[in-house]
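Report on the structure given below.
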Amino acid sequence: MSDLTAVLQVTHNARGIGGMTSESGGTVRSGILYRSDALGGLTAAGIAAFADLGIGTVIDLRTDAERARSADVLPPDGSVQLLALPILGGAMDEMVRRMLPGGDGTRPSEDDVARMLEAVPTLEELYLGMLKDGAAQFVAIGRAVIAAAGTDRPGVLFHCTAGKDRTGVAAALLLQLAGASRADVVADYTLTGRNLAGAFAESLTGLITSMGVPLTPKLRILATEAPAEAMEAVLDRLTTEYGGAAGYLRAHGMTDAEIDELVGILTAVVE
């Protein structure tokens with residue numbers, strides 16, 4: 001894994017995911033997969049880094065409303081293709097807003113807040129819901145990686161708002177498919193918890209408190225933390241229900257030929 005927050009300016013949780021040893025004895029190929037938080041604050045130097053890194057595809061997993069609030073800043077020459085694949089589950093402020101009654105702008109009552117807090121899912125529940133409801137998007141990510149591999153910019157960067165939940169599940173799927181160890185998949189995910197500390201975390205939680213909802217420990221975990229057990233639950237589900245990431249992708253429409261091609265793109269043989 002390579003930290004790219006100093007390269008993709010300004011991001012807070014950007015990195016390349018590759019270089020890990022794969023179960024086949026090779027490595028997860030570097031220069032193919034990149035993950036990040038939202039790209040709405042990129043500077044000129046950050047935009048120029050796409051070419052330096054060989055990134056030709058950006059996949060935005062945010063909802064339409066999230067993109068409207070802060071659209072990605074990409075090279076104006078069209079050298080980077082933007083693919084929108086919204087996954088609803090990880091938009092924390094939208095989830096809270098849906099759970100609160102009304103919508104007329106009035107502050108929620110204490111009873112409204114109490115009922116909403118009782119209904120808020122755990123991270124484990126949220127991620128397992130993503131596996132269930134976001135399968136088409138995860139398959140599309142795999143196919144985008146295949147399409148990009150035949151170009152002079154094979155790098156694919158995928159992101160959501162914080163680069164934690166939707167991005168984390170997508171990264172876990174691709175890394176497991178490439179043969180990364182369970183420990184390495186979990187380590188990549190938990191790194192996000194350290195990256196999101198401080199002012200950026202406060203900006204994320206501020207979206208929730210601005211609606212009159214107190215920041216409970218459960219909501220703080222949902223918005224800013226990346227505990228290992230949440231990703232362990234994803235890997236357990238992939239293994240027990242599908243036999244792994246390949247089985248998951250196959251069950252949701254990816255062909256064996258596509259899976260084999262994707263594995264070949266994501267792995268490198270060590271001579």
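The chains in the structure tokens are called A, B, ... from first to last as shown; in each chain the residues are counted from 1, and the ligands are counted from 1 in the order shown.
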Could you list, with a cut-off of 8 Å and counting only C-alpha atoms, the residues of stretch 16-128 of chain A near stretch 253-266 of chain A, each shown with its nearest atom pair and the distance in Å rounded to one decimal, rows sorted by chain and ascending number, as JSON lines?
```
{"residue": "A:Val28", "atom": "CA", "partner": "A:Leu266", "partner_atom": "CA", "distance": 5.8}
{"residue": "A:Arg29", "atom": "CA", "partner": "A:Leu266", "partner_atom": "CA", "distance": 5.2}
{"residue": "A:Ile32", "atom": "CA", "partner": "A:Leu266", "partner_atom": "CA", "distance": 7.0}
```
**OP:** Would you mind listing what lies within 12 Å of A:Ala199 as number ranges by chain, with only C-alpha atoms counted and same-chain residues fewer than 6 positions away left out?
**Re:** A: 12, 205-206, 224
Let me see the file: selected residues, C-alpha atoms, as a short mmCIF file (atom, residue, chain, number, x, y, z; two decimals), in the first residue's frame.
```cif
data_model
loop_
_atom_site.label_atom_id
_atom_site.label_comp_id
_atom_site.auth_asym_id
_atom_site.auth_seq_id
_atom_site.Cartn_x
_atom_site.Cartn_y
_atom_site.Cartn_z
CA HIS A 12 -7.23 12.74 3.24
CA THR A 205 -19.73 14.17 11.88
CA GLY A 206 -20.79 17.79 11.43
CA THR A 224 -15.39 7.98 11.07
#
```
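Distance annotation: of A:Val80, A:Val7, A:Ile208, A:Ala171, the residue with the minimal separation from A:Met95 is A:Ile208; atom set is only C-alpha atoms.
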Original post:
Can you tell me, as an MDAnalysis selection string, what residues are no more than 12 Å from stretch 48-55 of chain A when counting only C-alpha atoms, ignoring any on the same chain fewer than 5 positions away?
Top reply: chainID A and resid 2 4:10 15:16 30:35 39 42:43 73:82 145 148:149 151:158
Output as CSV one row per residue of stretch 119-151 of chain A within 7 Å of stretch 227-243 of chain A: the closest atom pair and its distance in Å to one decimal place, counting only C-alpha atoms, sorted by chain and residue number ascending.
```
residue,atom,partner,partner_atom,distance
A:Leu123,CA,A:Ala230,CA,5.9
A:Glu124,CA,A:Ala230,CA,4.8
A:Tyr127,CA,A:Val234,CA,6.7
A:Leu128,CA,A:Val234,CA,6.3
```
Output of the above residues as a compact mmCIF listing (two decimals), in the first residue's frame, restricted to N, CA, C and O atoms:
```txt
# COMPACT_ATOMS: atom_id res chain seq x y z
N LEU A 123 -21.93 -1.02 11.74
CA LEU A 123 -21.11 -1.08 10.52
C LEU A 123 -21.20 -2.44 9.86
O LEU A 123 -21.27 -2.54 8.63
N GLU A 124 -21.22 -3.50 10.68
CA GLU A 124 -21.32 -4.84 10.11
C GLU A 124 -22.61 -4.99 9.31
O GLU A 124 -22.61 -5.50 8.18
N TYR A 127 -22.41 -2.98 6.02
CA TYR A 127 -21.56 -3.56 4.99
C TYR A 127 -22.20 -4.81 4.38
O TYR A 127 -22.11 -5.02 3.16
N LEU A 128 -22.83 -5.62 5.19
CA LEU A 128 -23.50 -6.79 4.65
C LEU A 128 -24.67 -6.38 3.76
O LEU A 128 -24.96 -7.03 2.75
```
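When DSSP is run on the backbone, the residues of stretch 132-210 of chain A that fall into strand (DSSP E or B) are A:Gly155, A:Val156, A:Leu157, A:Phe158, A:His159, A:Ala180.
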Original post:
Do you know which residues are at most 12 Å from A:Ala170 counting only C-alpha atoms, after dropping those on the same chain fewer than 4 positions away, and could you put them as a PyMOL selection string?
Top reply: chain A and resi 17+33-36+59-61+85+87+127+130-131+134-142+157-160+163-166+174-177+185+188-189+231+234-235+245+249
How would the residues just picked look written out with C-alpha atoms as a PDB file, in the first residue's frame?
```
ATOM      1  CA  ILE A  17      -3.499  -0.822  -3.024  1.00  0.00           C
ATOM      2  CA  LEU A  33      -6.090  -0.124  -7.975  1.00  0.00           C
ATOM      3  CA  TYR A  34      -6.332   3.150  -6.110  1.00  0.00           C
ATOM      4  CA  ARG A  35      -8.782   4.187  -3.415  1.00  0.00           C
ATOM      5  CA  SER A  36      -9.607   7.596  -2.011  1.00  0.00           C
ATOM      6  CA  ILE A  59     -15.302   5.479 -10.169  1.00  0.00           C
ATOM      7  CA  ASP A  60     -17.537   7.577  -7.910  1.00  0.00           C
ATOM      8  CA  LEU A  61     -19.591   5.447  -5.509  1.00  0.00           C
ATOM      9  CA  LEU A  85     -21.864   3.840  -9.625  1.00  0.00           C
ATOM     10  CA  ILE A  87     -24.179   2.834  -3.604  1.00  0.00           C
ATOM     11  CA  TYR A 127     -21.559  -3.564   4.987  1.00  0.00           C
ATOM     12  CA  MET A 130     -23.952  -3.311   0.669  1.00  0.00           C
ATOM     13  CA  LEU A 131     -22.954  -6.806  -0.422  1.00  0.00           C
ATOM     14  CA  GLY A 134     -24.664  -3.207  -4.322  1.00  0.00           C
ATOM     15  CA  ALA A 135     -23.697  -6.346  -6.235  1.00  0.00           C
ATOM     16  CA  ALA A 136     -24.337  -4.812  -9.660  1.00  0.00           C
ATOM     17  CA  GLN A 137     -22.052  -1.894  -8.821  1.00  0.00           C
ATOM     18  CA  PHE A 138     -19.270  -4.153  -7.532  1.00  0.00           C
ATOM     19  CA  VAL A 139     -19.443  -6.246 -10.710  1.00  0.00           C
ATOM     20  CA  ALA A 140     -19.291  -3.019 -12.757  1.00  0.00           C
ATOM     21  CA  ILE A 141     -16.142  -1.983 -10.887  1.00  0.00           C
ATOM     22  CA  GLY A 142     -14.498  -5.258 -11.876  1.00  0.00           C
ATOM     23  CA  LEU A 157      -9.373   4.959  -8.652  1.00  0.00           C
ATOM     24  CA  PHE A 158     -12.623   4.318  -6.792  1.00  0.00           C
ATOM     25  CA  HIS A 159     -13.957   6.477  -3.999  1.00  0.00           C
ATOM     26  CA  CYS A 160     -16.946   7.560  -1.948  1.00  0.00           C
ATOM     27  CA  GLY A 163     -13.178   6.502   1.287  1.00  0.00           C
ATOM     28  CA  LYS A 164     -14.182   4.227   4.160  1.00  0.00           C
ATOM     29  CA  ASP A 165     -17.377   2.208   3.765  1.00  0.00           C
ATOM     30  CA  ARG A 166     -18.397   1.763   0.116  1.00  0.00           C
ATOM     31  CA  LEU A 174     -10.869  -6.862  -5.263  1.00  0.00           C
ATOM     32  CA  LEU A 175      -8.029  -7.642  -2.872  1.00  0.00           C
ATOM     33  CA  GLN A 176      -9.534 -10.983  -1.866  1.00  0.00           C
ATOM     34  CA  LEU A 177     -10.045 -11.826  -5.540  1.00  0.00           C
ATOM     35  CA  VAL A 185      -7.313  -6.980   3.502  1.00  0.00           C
ATOM     36  CA  ASP A 188      -5.880  -1.928   4.366  1.00  0.00           C
ATOM     37  CA  TYR A 189      -9.347  -1.219   5.756  1.00  0.00           C
ATOM     38  CA  MET A 231     -14.363  -5.948   7.631  1.00  0.00           C
ATOM     39  CA  VAL A 234     -17.617  -8.919   5.150  1.00  0.00           C
ATOM     40  CA  LEU A 235     -14.903 -11.513   4.588  1.00  0.00           C
ATOM     41  CA  ALA A 245     -14.922 -12.971  -3.876  1.00  0.00           C
ATOM     42  CA  LEU A 249     -18.944 -11.918  -8.504  1.00  0.00           C
TER      43      LEU A 249
END
```
**OP:** Among the residues of stretch 70-213 of chain A, find those DSSP assigns to alpha helix (DSSP H) from the backbone and print them as JSON, numbers by chain.
**Re:** {"A": [92, 93, 94, 95, 96, 97, 98, 99, 110, 111, 112, 113, 114, 115, 116, 117, 118, 119, 123, 124, 125, 126, 127, 128, 129, 130, 131, 132, 133, 135, 136, 137, 138, 139, 140, 141, 142, 143, 144, 145, 146, 147, 148, 149, 166, 167, 168, 169, 170, 171, 172, 173, 174, 175, 176, 177, 182, 183, 184, 185, 186, 187, 188, 189, 190, 191, 192, 193, 194, 195, 199, 200, 201, 202, 203, 204, 205, 206, 207, 208, 209]}
Original post:
Between A:Ala226, A:Leu204, A:Ala119, A:Val270, which has the minimum distance to A:Gly168 (counting only C-alpha atoms)?
Top reply: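 Using only C-alpha atoms, the shortest distance to A:Gly168 belongs to A:Ala226.
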Original post:
With only C-alpha atoms as the basis for distance, which of A:Met20, A:Leu88, A:Ala246, A:Leu117 is at the shortest distance from A:Leu215?
Top reply: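 Closest to A:Leu215, using only C-alpha atoms: A:Leu117.
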Original post:
In Å, how far is it from atom CA of A:Leu173 to atom CA of A:Glu118?
Top reply: 29.8 Å
Original post:
Distance atom CA of A:Thr27-atom CA of A:Ala183, one decimal place?
Top reply: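 Value for the atom CA of A:Thr27-atom CA of A:Ala183 distance: 14.6 Å.
Among the candidates A:Thr11, A:Thr216, A:Thr63, A:Thr57, the one nearest to A:Glu94 when counting only C-alpha atoms is A:Thr63.
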Subject >> Two-atom distance - atom CA of A:Gly25, atom CA of A:His252 (Å) >> reply: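 Atom-to-atom, atom CA of A:Gly25 to atom CA of A:His252, that is 27.9 Å.
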